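> I have a structure here, written as structure tokens, and I will follow up with some questions on it.
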Amino acid sequence: MSTVSDCFSIGSIVATRTCYNEDIEGEVLAFDPQTKMLILKCPSSSGIPKRHDVNIINLSLVSDVQIKKEVTTVPEPPPSLNLHRLNTRVRNSIENKRRLVSALSACLDPEGQRLFLAIARVIDDVSWTGQSIRVYNEVTITPPYKVENVIGEQESKPYNYIRKFVERHWRDHSRDSAANSSRHQ
């Protein structure tokens, strides 16, 4: 890709209409005249103000393009990426997914799996020991994975936290189950 586009200035606001009659408007992040690929930063479809959607648009498949606001100043080059940090994040993410997959295959009980996944979303130090869930190497949750099945040093912070977590999990689960059963009646 060229650093300064032949047709679109980086930072300009462009509106396009695709061949599917979809209107896409956003700030130009990059443009490659050889492949006619335009990359636009658009407001987030999730509505979260600090996030953005990035759309890659093939201008060969666009029926209309309008430049809403032309930028004449050359923008500062973006900061360089910390590739070591990105590779570490990717490696950690892959390892975490592998750990979750192997952990889920250790337990056939769907309630245990559901509780395990709920804990794993907020705590990294969670694993299976046979059919029991082990958290922080201090707290064990045995089948049927209810509040009374939480085992550990009762005065410790991890024990109390996990106990409240399991209690909240079952309260939410029973509320969701009741809501689902009332919808299906």
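As shown in the structure tokens, the chain order sets the letters A, B, ...; within each chain, residues go from 1, and ligands are also counted from 1 in the order they appear.
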Name the residues in contact with Arg134 in chain A at a cut-off of 12 Å, using only C-alpha atoms, excluding same-chain residues fewer than 3 positions from it; report them as a ChimeraX atom specification.
/A:103,112,115-116,119-120,123-131,137-143,145,149-152,158-159,162
> List every residue of range 26-177 of chain A that DSSP, applied to the backbone, labels as alpha helix (DSSP H), and write the result as a ChimeraX atom specification.
/A:83-105,110-122,157-177
> Could you tell me which of A:Glu148, A:Glu70, A:Asp64, A:Glu22 comes closest to Cys7 in chain A if we count only C-alpha atoms?
A:Glu70
> Identify, with DSSP run on backbone atoms, the residues in chain A assigned to strand (DSSP E or B), and express the list as a CSV table (one decimal) with C-alpha atoms, in the first residue's frame.

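Printed below is selection-v6.csv as written:
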chain,number,residue,atom,x,y,z
A,13,ILE,CA,-14.3,11.1,5.5
A,14,VAL,CA,-15.8,9.0,2.7
A,15,ALA,CA,-19.2,7.6,2.1
A,16,THR,CA,-19.7,4.6,-0.1
A,17,ARG,CA,-22.7,2.5,-1.4
A,18,THR,CA,-21.9,-1.1,-2.1
A,23,ASP,CA,-24.1,2.6,2.9
A,24,ILE,CA,-20.7,2.7,4.7
A,25,GLU,CA,-19.3,6.0,5.8
A,26,GLY,CA,-16.1,6.5,7.7
A,27,GLU,CA,-12.6,7.9,8.0
A,28,VAL,CA,-10.0,6.7,5.5
A,29,LEU,CA,-7.3,4.6,7.2
A,30,ALA,CA,-5.7,3.3,4.1
A,31,PHE,CA,-6.2,3.0,0.3
A,32,ASP,CA,-4.4,0.7,-2.2
A,37,MET,CA,-9.1,-1.6,-1.6
A,38,LEU,CA,-10.3,1.1,0.8
A,39,ILE,CA,-10.1,0.7,4.6
A,40,LEU,CA,-12.5,2.9,6.6
A,41,LYS,CA,-12.8,3.4,10.4
A,42,CYS,CA,-16.5,3.7,11.2
A,43,PRO,CA,-18.5,4.3,14.3
A,52,HIS,CA,-14.8,1.4,16.0
A,53,ASP,CA,-15.6,-0.9,13.2
A,54,VAL,CA,-13.1,-1.3,10.4
A,55,ASN,CA,-14.5,-2.0,7.0
A,56,ILE,CA,-12.4,-3.1,4.0
A,57,ILE,CA,-14.1,-2.1,0.9
A,58,ASN,CA,-13.4,-3.3,-2.6
A,62,VAL,CA,-19.1,0.0,-5.1
A,63,SER,CA,-21.8,1.8,-7.0
A,64,ASP,CA,-21.2,5.3,-5.5
A,65,VAL,CA,-18.3,7.0,-3.6
A,66,GLN,CA,-18.5,10.5,-2.1
A,67,ILE,CA,-15.8,12.4,-0.3
A,68,LYS,CA,-17.6,14.1,2.6
A,69,LYS,CA,-14.6,15.9,4.0
A,126,VAL,CA,-8.8,-22.9,37.5
A,127,SER,CA,-8.5,-26.5,36.6
A,128,TRP,CA,-10.1,-30.0,36.9
A,129,THR,CA,-8.9,-32.5,39.4
A,132,SER,CA,-13.7,-31.6,41.0
A,133,ILE,CA,-13.0,-28.0,40.0
A,134,ARG,CA,-9.9,-26.6,41.7
A,135,VAL,CA,-9.5,-22.8,42.0
A,139,VAL,CA,-10.5,-24.2,46.9
A,140,THR,CA,-12.2,-27.3,45.5
A,141,ILE,CA,-15.7,-27.6,44.3
A,150,VAL,CA,-17.1,-25.7,48.1
A,151,ILE,CA,-14.2,-27.0,50.1
> For Thr73 in chain A, find every residue with an atom within 10 Å (counting only C-alpha atoms), except residues of its own chain fewer than 5 positions away, and show them as a VMD selection string.
chain A and resid 9 to 12
> Rounded to one decimal place, report the CA of Leu100 in chain A-CA of Arg171 in chain A distance in Å.
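Rounded to one decimal, the two atoms are 23.8 Å apart.
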> Take CA of Glu111 in chain A and CA of Arg175 in chain A and report the distance between them in Å, one decimal.
14.8 Å
> Separation of CA of Ser174 in chain A and CA of Asn160 in chain A, in Å?
21.2 Å
